[in-house]
Structure formats: C-alpha cells, structure tokens
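Chemist: Below is one structure. I have some questions about it.
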Amino acid sequence: MSIVRRSNIFDPFSLDVFDPFQGFPFDAFRSLAERQPGFADETSAFANTRIDWKETPEAHVFQADLPGVKKEEVKVEVEEGRVLQISGERTKEQEEKKDKWHRVERSSGKFLRRFRLPENAKVDQVNAKMENGVLTVTIPKEEVKKPEVKSIEISG
C-alpha cells in the first residue's frame, strides 16, 4: 500500500477511499500533500514501506521492514477511532564534494501507513519493538462478548 492508494481495494481495514481518477495524470500524492503541506516534495520511493499484518489467536501483529532506520526515527501511534499509524523518516546520506557517486538506489524520505483496527484489538496494550531493521507492533486481542440473549415467555 502506498501512502495515497491501497494495494488491495477489497481491504476492509484500509482508510483510503478508492478514487478512479487519482493519479491522473501525475498527482499520486495530491491528497496527502493537501493534508500535510511539504510532505509530497520530501517523499520518495521509501513511502512504499511494506508492512505485513497477521492475526494470531492472541494478537494482531504488524511487521515492517525498515532497514537503516533507527527506532528514534519511527513513530507508532493509535489515534482515536482505533487507527494504528506507523510513520517516520530515513534521512539521506550526506553528500561530500570529494565523493563521486555512481549510483543511488537506496531510498530515503518520509513514510506513513495507517490501519483501521478491528473491535477486538486492545488499543491500550500496544507493544512495539525494533530489532535488526524490523519493526514489530503487537496488539493483544480481547474476546468479543456475544450479546446475551434473554428468552421472553409469551403470555395469553
């Protein structure tokens, strides 16, 4: 999922709204730039940070590959409305005048991913850890209580 467009239009937890004219002709970051001025001009291919989301019997687990990013450069937040937001920035390597660059393929810039969490997520018990360039966010699940059904006797 990129910043503006989701990779799967059938994803029920995505916050993005499908716009068939989005990116036509070349405004892929238009709506994000409107919400956060200055974001689009600083964003590069690093914006396509890939995140896996799996659900185990005990928790929802998110894993993001963030090579070269320090944990101080990553922010994990849960907004009102049960929205998990993972954002951060990988800074560019400083170019020195005496260096001669032959190729620059590693991306840098800001990234932002948002996920709408299901009702069974305990948003007050989120745990995040960064190890070997992989961010793991674990959100425990709570048992969804089924509504109690009370039988009513019919008189008459």
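Letters A, B, ... go to the chains of the structure tokens in the order shown; residues in each chain start at 1; ligands are counted from 1 in the same order.
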For segment 62-69 of chain A, work out the shell of residues within 10 Å, counting only C-alpha atoms and skipping chain neighbours fewer than 6 positions away, then give it as a VMD selection string.
Modeler: chain A and resid 46 49 to 55 84 86 88 to 91 106 108 115 128 to 139
Chemist: Tell me which of A:Glu143, A:Ser87, A:Gly156, A:Lys71 sits closest to Pro118 of chain A, counting only C-alpha atoms.
Modeler: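 Of A:Glu143, A:Ser87, A:Gly156, A:Lys71, the one nearest Pro118 of chain A, counting only C-alpha atoms, is A:Glu143.
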Chemist: Which residue gives the smallest distance to Val126 of chain A among A:Val104, A:Gly81, A:Gln94, A:Lys141, with only C-alpha atoms counted?
Modeler: A:Lys141
Chemist: To one decimal place in Å, what is the distance between atom CA of Lys92 of chain A and atom CA of Glu79 of chain A?
Modeler: 28.9 Å
Chemist: Record the distance separating atom CA of Asp124 of chain A and atom CA of Phe111 of chain A, expressed in Å with one decimal.
Modeler: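 Atom-to-atom, atom CA of Asp124 of chain A to atom CA of Phe111 of chain A, that is 24.0 Å.
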Chemist: One number please: atom CA of Val74 of chain A to atom CA of Val61 of chain A, in Å, one decimal.
Modeler: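 Atom CA of Val61 of chain A lies at a distance of 16.9 Å from atom CA of Val74 of chain A.
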Chemist: Go through A:Glu93, A:Glu80, A:Glu153, A:Glu58 one by one, measure the shortest atom-to-atom distance of each to Arg116 of chain A using only C-alpha atoms, and give the residue with the smallest value.
Modeler: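 For Arg116 of chain A, the nearest of the given residues is A:Glu80.
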Chemist: With only C-alpha atoms as the basis for distance, which of A:Glu96, A:Glu105, A:Glu72, A:Glu77 is at the shortest distance from Gln125 of chain A?
Modeler: A:Glu77
Chemist: Would you mind writing down, as a PyMOL selection string, each residue of segment 56-142 of chain A that DSSP on the backbone assigns to strand (DSSP E or B)?
Modeler: chain A and resi 59-65+74-79+83-90+109-116+121+127-131+134-141
